[in-house]
Every structure is written in C-alpha cells, then in structure tokens.
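> Below is a structure I'd like to ask you about.
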Amino acid sequence: MEEKFRWTIPNILSVYRLCVSPVILVTLILKNESVFTVLLLVSLITDILDGFIARQFNLKTKMGAKLDSIADAVTVVLAIVGMFRFKQLDIFPFLTPFYILIGFYFLVYIISALKFKKFSSMHLYSAKITGYAQGIFFFVLFCFQFYNWLFWVMFTISILTYIEEIIAILLLKDMISDAKGIYWIIKKKV
C-alpha cells in the first residue's frame, strides 16, 4: 500500500522547490542572473532545511525522501543550466570534467531506473556531503566567482559519491530511501 502524502514542513519545503523551478527556468530564459541567483540560493537553503528538520523532528517518510530526491535533481539541473548560461567563461576551461561529472550524475539515475524501474532516492551519507559541497560551489560561483580549488574539491567529492551510489544500487535487492552507504548495505547482508 502506497504511503499517504503528509503536509509536513520538510515536504512543504520540497514542494516549494518543485513549484519555484519553473520560475527559475523563466529567469534562465530571460537571462535574469540576479533573480536566478536569489531563487537558486533559496532552493539550496530549503534543501538543507528540509533534511535537517525531517531528521531532527522525526518527520522522515518514504514519500518525503522521494519528493526531496526529485526536488534535488531539479535544483541541480537548473543550477547546471544556470552555470552554462551565466558563467560560460568561468567554466569553459573545465568543460571536460564538468561533462564527466554530469555523466556520472545521470548514470546513477539510469542504472537505478534500469534495475529498480524507479530513480534512486537512497540518501547516502556521502550524498549529503556532496549536496553541501555542490551547494557551496554554486553559492560561491553565483555570489562571488569561480575558484579552481573549490571546483576540484566539489568534483572529487561528487565523483566518489556517484561511484558509491552506483555500487550501492548494484548491491541492493530493492531500493531503500535511507541506505546510509555501502558499508551499511554490506553489513546488513552479512
């Protein structure tokens, strides 16, 4: 039986991120970088808040985890499009690693869809760290400037997480929303 949607604060924040996404897309089309930046930063902050509130007040649900994962994916895609739209000169020397990063990002979803017939929403610990690293990278990029060292830190953390997610997907028999990491997946199998 499918879980019923509950209007909790974490779910409201995830719904907000989904609802504001078309507005962010319009700012991209209209080339309004300042409004894009504000809305993207609010989405990044609400992403941090929804997970924190869900954990602190025991408001975690499977549906909330799925909703959060969808909102995360939409926010990341919009941030990437914004990066290519507004920061082309900054990222041009790093196109190859960016394409590798984007490829790994989508590979996680492709492998999950092929194996489980649905997208990944595991919420690994490493994915939380990656979310912070990417959020900090996007914040600094859009509010200040592009820093090579920050890009490489974010890139390394992200690639390692995507590799862990792929391994976790391959190890799991069924998709779970709080897998924590491959250590915990293997430990449960023993």
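Following the order of the structure tokens, chains are lettered A, B, ..., residues in each are numbered from 1, and ligands are numbered from 1.
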Determine, counting only C-alpha atoms, which protein, DNA and RNA residues have an atom within 10 Å of an atom of Thr61 of chain A; residues of the same chain fewer than 2 positions away are not included. Present the result as a list in words.
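Within the cut-off, the hits are Glu3, Lys4, Phe5, Arg6, Thr8, Pro10, Asn11, Ala54, Asn58, Leu59, Met63, Gly64, Ala65, Lys66, Leu67, Ser177 and Asp178 of chain A.
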> Mind writing the picked residues with N, CA and C atoms as a tab-separated table (two decimals), in the first residue's frame?

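What follows is the written file selection-v1.tsv:
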chain	number	residue	atom	x	y	z
A	3	GLU	N	2.17	4.96	0.62
A	3	GLU	CA	2.11	5.88	1.75
A	3	GLU	C	1.34	7.14	1.36
A	4	LYS	N	0.52	7.67	2.27
A	4	LYS	CA	-0.26	8.87	2.02
A	4	LYS	C	0.63	10.10	2.24
A	5	PHE	N	0.48	11.09	1.36
A	5	PHE	CA	1.25	12.33	1.47
A	5	PHE	C	0.83	13.09	2.72
A	6	ARG	N	1.84	13.58	3.46
A	6	ARG	CA	1.57	14.40	4.64
A	6	ARG	C	2.19	15.77	4.44
A	8	THR	N	4.02	18.01	5.91
A	8	THR	CA	4.96	18.34	6.97
A	8	THR	C	5.84	19.48	6.45
A	10	PRO	N	9.15	19.61	6.15
A	10	PRO	CA	10.10	19.16	5.13
A	10	PRO	C	9.45	18.94	3.76
A	11	ASN	N	8.25	18.36	3.74
A	11	ASN	CA	7.56	18.12	2.47
A	11	ASN	C	7.14	19.44	1.82
A	54	ALA	N	13.52	17.20	8.96
A	54	ALA	CA	12.99	15.83	8.91
A	54	ALA	C	13.73	14.93	9.90
A	58	ASN	N	11.96	13.87	13.54
A	58	ASN	CA	11.49	12.55	13.16
A	58	ASN	C	10.29	12.63	12.19
A	59	LEU	N	10.48	13.41	11.14
A	59	LEU	CA	9.44	13.59	10.12
A	59	LEU	C	9.83	12.93	8.80
A	63	MET	N	7.84	8.80	1.14
A	63	MET	CA	7.35	9.75	0.14
A	63	MET	C	8.13	11.06	0.22
A	64	GLY	N	8.42	11.50	1.43
A	64	GLY	CA	9.21	12.71	1.61
A	64	GLY	C	10.60	12.57	1.03
A	65	ALA	N	11.20	11.38	1.21
A	65	ALA	CA	12.53	11.12	0.65
A	65	ALA	C	12.49	11.16	-0.88
A	66	LYS	N	11.44	10.58	-1.47
A	66	LYS	CA	11.30	10.62	-2.93
A	66	LYS	C	11.09	12.03	-3.43
A	67	LEU	N	10.22	12.77	-2.73
A	67	LEU	CA	9.94	14.15	-3.10
A	67	LEU	C	11.21	14.99	-3.01
A	177	SER	N	15.24	4.07	0.93
A	177	SER	CA	15.45	5.52	0.95
A	177	SER	C	16.51	5.97	1.95
A	178	ASP	N	16.88	5.18	2.90
A	178	ASP	CA	17.92	5.55	3.86
A	178	ASP	C	19.01	4.48	3.91
> For Ala127 of chain A, list every protein, DNA or RNA residue within 10 Å, evaluated using only C-alpha atoms, and leave out those in the same chain fewer than 4 positions away; present the list as number ranges by chain.
A: 122-123, 131-133, 157-158, 160-162, 164-165, 180-181
> May I have the residues within 9 Å of segment 68-83 of chain A as a VMD selection string, using only C-alpha atoms and disregarding those fewer than 3 positions away in the same chain?
chain A and resid 10 to 11 13 to 18 21 24 to 25 28 33 36 to 37 40 43 to 44 47 50 to 51 63 to 65 86 to 88 90 to 91 102 119 to 123 131 134 to 135 138 141 to 142
> Output N, CA and C atoms for every residue in the selection just made, as a CSV table (one decimal), in the first residue's frame.

chain,number,residue,atom,x,y,z
A,10,PRO,N,9.1,19.6,6.1
A,10,PRO,CA,10.1,19.2,5.1
A,10,PRO,C,9.4,18.9,3.8
A,11,ASN,N,8.2,18.4,3.7
A,11,ASN,CA,7.6,18.1,2.5
A,11,ASN,C,7.1,19.4,1.8
A,13,LEU,N,8.7,22.3,2.1
A,13,LEU,CA,9.9,22.8,1.5
A,13,LEU,C,10.3,22.2,0.2
A,14,SER,N,10.1,20.9,0.1
A,14,SER,CA,10.4,20.2,-1.1
A,14,SER,C,9.4,20.6,-2.2
A,15,VAL,N,8.2,20.7,-1.8
A,15,VAL,CA,7.1,21.1,-2.8
A,15,VAL,C,7.5,22.5,-3.3
A,16,TYR,N,7.9,23.4,-2.3
A,16,TYR,CA,8.3,24.8,-2.7
A,16,TYR,C,9.4,24.7,-3.8
A,17,ARG,N,10.4,23.9,-3.6
A,17,ARG,CA,11.5,23.8,-4.6
A,17,ARG,C,11.0,23.3,-5.9
A,18,LEU,N,10.0,22.4,-5.9
A,18,LEU,CA,9.5,22.0,-7.2
A,18,LEU,C,8.6,23.1,-7.9
A,21,SER,N,10.7,25.9,-9.4
A,21,SER,CA,11.6,25.5,-10.5
A,21,SER,C,11.2,26.1,-11.9
A,24,ILE,N,12.4,29.7,-11.9
A,24,ILE,CA,13.9,29.7,-12.1
A,24,ILE,C,14.2,29.5,-13.6
A,25,LEU,N,13.4,28.6,-14.2
A,25,LEU,CA,13.6,28.3,-15.6
A,25,LEU,C,13.3,29.6,-16.4
A,28,LEU,N,16.2,31.9,-16.3
A,28,LEU,CA,17.2,31.5,-17.2
A,28,LEU,C,16.9,31.9,-18.7
A,33,GLU,N,20.1,37.0,-14.3
A,33,GLU,CA,21.0,36.3,-13.4
A,33,GLU,C,20.8,36.6,-11.9
A,36,PHE,N,17.7,34.8,-10.8
A,36,PHE,CA,18.0,33.4,-10.8
A,36,PHE,C,18.9,33.0,-9.6
A,37,THR,N,19.9,33.8,-9.3
A,37,THR,CA,20.8,33.5,-8.1
A,37,THR,C,20.0,33.5,-6.8
A,40,LEU,N,17.7,30.4,-6.8
A,40,LEU,CA,18.5,29.2,-6.6
A,40,LEU,C,19.1,29.0,-5.2
A,43,SER,N,16.4,27.9,-2.9
A,43,SER,CA,16.2,26.5,-3.1
A,43,SER,C,17.3,25.6,-2.4
A,44,LEU,N,18.5,26.1,-2.5
A,44,LEU,CA,19.6,25.3,-1.9
A,44,LEU,C,19.5,25.4,-0.4
A,47,ASP,N,16.7,23.1,0.7
A,47,ASP,CA,17.2,21.7,0.6
A,47,ASP,C,17.9,21.3,1.9
A,50,ASP,N,15.1,21.1,4.8
A,50,ASP,CA,14.1,20.0,4.8
A,50,ASP,C,14.7,18.8,5.4
A,51,GLY,N,15.9,18.5,5.0
A,51,GLY,CA,16.5,17.3,5.6
A,51,GLY,C,16.8,17.4,7.0
A,63,MET,N,7.8,8.8,1.1
A,63,MET,CA,7.3,9.7,0.1
A,63,MET,C,8.1,11.1,0.2
A,64,GLY,N,8.4,11.5,1.4
A,64,GLY,CA,9.2,12.7,1.6
A,64,GLY,C,10.6,12.6,1.0
A,65,ALA,N,11.2,11.4,1.2
A,65,ALA,CA,12.5,11.1,0.6
A,65,ALA,C,12.5,11.2,-0.9
A,86,PHE,N,25.1,31.6,-17.4
A,86,PHE,CA,25.7,32.8,-16.9
A,86,PHE,C,27.2,32.8,-16.6
A,87,LYS,N,27.8,31.6,-16.5
A,87,LYS,CA,29.2,31.5,-16.2
A,87,LYS,C,30.0,30.8,-17.2
A,88,GLN,N,29.7,30.9,-18.5
A,88,GLN,CA,30.3,30.2,-19.5
A,88,GLN,C,31.9,30.4,-19.6
A,90,ASP,N,33.8,31.3,-17.1
A,90,ASP,CA,34.5,30.7,-16.0
A,90,ASP,C,34.7,29.2,-16.1
A,91,ILE,N,33.6,28.5,-16.7
A,91,ILE,CA,33.7,27.0,-16.7
A,91,ILE,C,34.3,26.5,-18.0
A,102,ILE,N,28.6,15.5,-14.9
A,102,ILE,CA,27.2,15.4,-15.3
A,102,ILE,C,26.9,14.0,-15.8
A,119,PHE,N,13.8,5.9,-10.0
A,119,PHE,CA,15.0,6.7,-9.7
A,119,PHE,C,15.5,6.5,-8.3
A,120,SER,N,16.8,6.6,-8.2
A,120,SER,CA,17.5,6.5,-6.9
A,120,SER,C,17.0,7.6,-5.9
A,121,SER,N,16.8,7.2,-4.7
A,121,SER,CA,16.5,8.1,-3.6
A,121,SER,C,17.0,7.6,-2.3
A,122,MET,N,18.3,7.1,-2.3
A,122,MET,CA,18.9,6.4,-1.2
A,122,MET,C,19.3,7.3,0.0
A,123,HIS,N,19.7,8.6,-0.3
A,123,HIS,CA,20.1,9.5,0.7
A,123,HIS,C,21.3,9.0,1.5
A,131,GLY,N,25.9,17.1,-1.5
A,131,GLY,CA,25.0,18.2,-1.6
A,131,GLY,C,25.5,19.5,-1.0
A,134,GLN,N,28.4,20.7,-3.4
A,134,GLN,CA,27.8,21.3,-4.6
A,134,GLN,C,27.1,22.7,-4.3
A,135,GLY,N,26.4,22.7,-3.2
A,135,GLY,CA,25.7,23.9,-2.8
A,135,GLY,C,26.6,25.0,-2.5
A,138,PHE,N,28.1,26.2,-5.9
A,138,PHE,CA,27.1,27.0,-6.6
A,138,PHE,C,26.9,28.4,-6.0
A,141,LEU,N,30.1,30.4,-6.7
A,141,LEU,CA,30.1,30.7,-8.1
A,141,LEU,C,29.2,31.9,-8.5
A,142,PHE,N,27.9,31.8,-8.0
A,142,PHE,CA,26.9,32.8,-8.4
A,142,PHE,C,27.0,34.1,-7.6
> Grab the atom CA of Phe116 of chain A to atom CA of Ile186 of chain A distance for me, in Å with one decimal place.
18.6 Å
> In Å, rounded to a single decimal, give me how far atom CA of Cys143 of chain A is from atom CA of Val23 of chain A.
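Atom-to-atom, atom CA of Val23 of chain A to atom CA of Cys143 of chain A, that is 19.3 Å.
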> Could you please determine the separation between atom CA of Leu172 of chain A and atom CA of Leu101 of chain A in Å, to one decimal place?
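Taking atom CA of Leu172 of chain A and atom CA of Leu101 of chain A, their separation equals 23.4 Å.
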> Determine, counting only C-alpha atoms, which protein, DNA and RNA residues have an atom within 12 Å of an atom of Ala113 of chain A; residues of the same chain fewer than 4 positions away are not included. Present the result as an NGL selection string.
:A and (106-109 or 117-121 or 166 or 169-170 or 174-175)
> Taking only C-alpha atoms into account, name the residue in A:Ile53, A:Ile111, A:Val140, A:Leu39 that is nearest to Thr27 of chain A.
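Residue with the minimum atom-to-atom distance to Thr27 of chain A: A:Leu39.
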> Name the residues of segment 113-145 of chain A that come out as alpha helix (DSSP H) in a backbone DSSP run; write them as a PyMOL selection string.
chain A and resi 113-116+125-143
> Please produce an output containing C-alpha atoms for each residue in the selection, written as a CSV table (one decimal), in the first residue's frame.

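Output saved as out.csv:
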chain,number,residue,atom,x,y,z
A,113,ALA,CA,15.8,3.1,-13.5
A,114,LEU,CA,17.1,0.0,-15.3
A,115,LYS,CA,17.5,-2.1,-12.1
A,116,PHE,CA,14.5,-0.9,-10.0
A,125,TYR,CA,25.7,10.0,3.9
A,126,SER,CA,28.2,10.7,1.1
A,127,ALA,CA,25.3,12.2,-0.9
A,128,LYS,CA,24.6,14.6,1.9
A,129,ILE,CA,28.2,15.7,1.9
A,130,THR,CA,28.1,16.1,-1.8
A,131,GLY,CA,25.0,18.2,-1.6
A,132,TYR,CA,26.8,20.6,0.8
A,133,ALA,CA,29.9,20.6,-1.5
A,134,GLN,CA,27.8,21.3,-4.6
A,135,GLY,CA,25.7,23.9,-2.8
A,136,ILE,CA,28.8,25.7,-1.5
A,137,PHE,CA,30.3,25.6,-5.0
A,138,PHE,CA,27.1,27.0,-6.6
A,139,PHE,CA,26.7,29.7,-3.9
A,140,VAL,CA,30.3,30.9,-4.3
A,141,LEU,CA,30.1,30.7,-8.1
A,142,PHE,CA,26.9,32.8,-8.4
A,143,CYS,CA,27.6,35.2,-5.5
> Leaving out Pro97 of chain A and any residue of its chain fewer than 6 positions from it, which residues lie within 10 Å of it when counting only C-alpha atoms, given as a PyMOL selection string?
chain A and resi 91+103+151-152+155
> Save the residues we just selected, C-alpha atoms, as an mmCIF file, in the first residue's frame?

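This went into part-v4.cif:
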data_model
loop_
_atom_site.group_PDB
_atom_site.id
_atom_site.type_symbol
_atom_site.label_atom_id
_atom_site.label_comp_id
_atom_site.auth_asym_id
_atom_site.auth_seq_id
_atom_site.Cartn_x
_atom_site.Cartn_y
_atom_site.Cartn_z
ATOM 1 C CA ILE A 91 33.669 27.028 -16.712
ATOM 2 C CA GLY A 103 27.611 11.973 -16.941
ATOM 3 C CA PHE A 151 35.648 23.189 -8.182
ATOM 4 C CA TRP A 152 38.155 20.332 -7.759
ATOM 5 C CA PHE A 155 34.291 17.446 -8.316
#
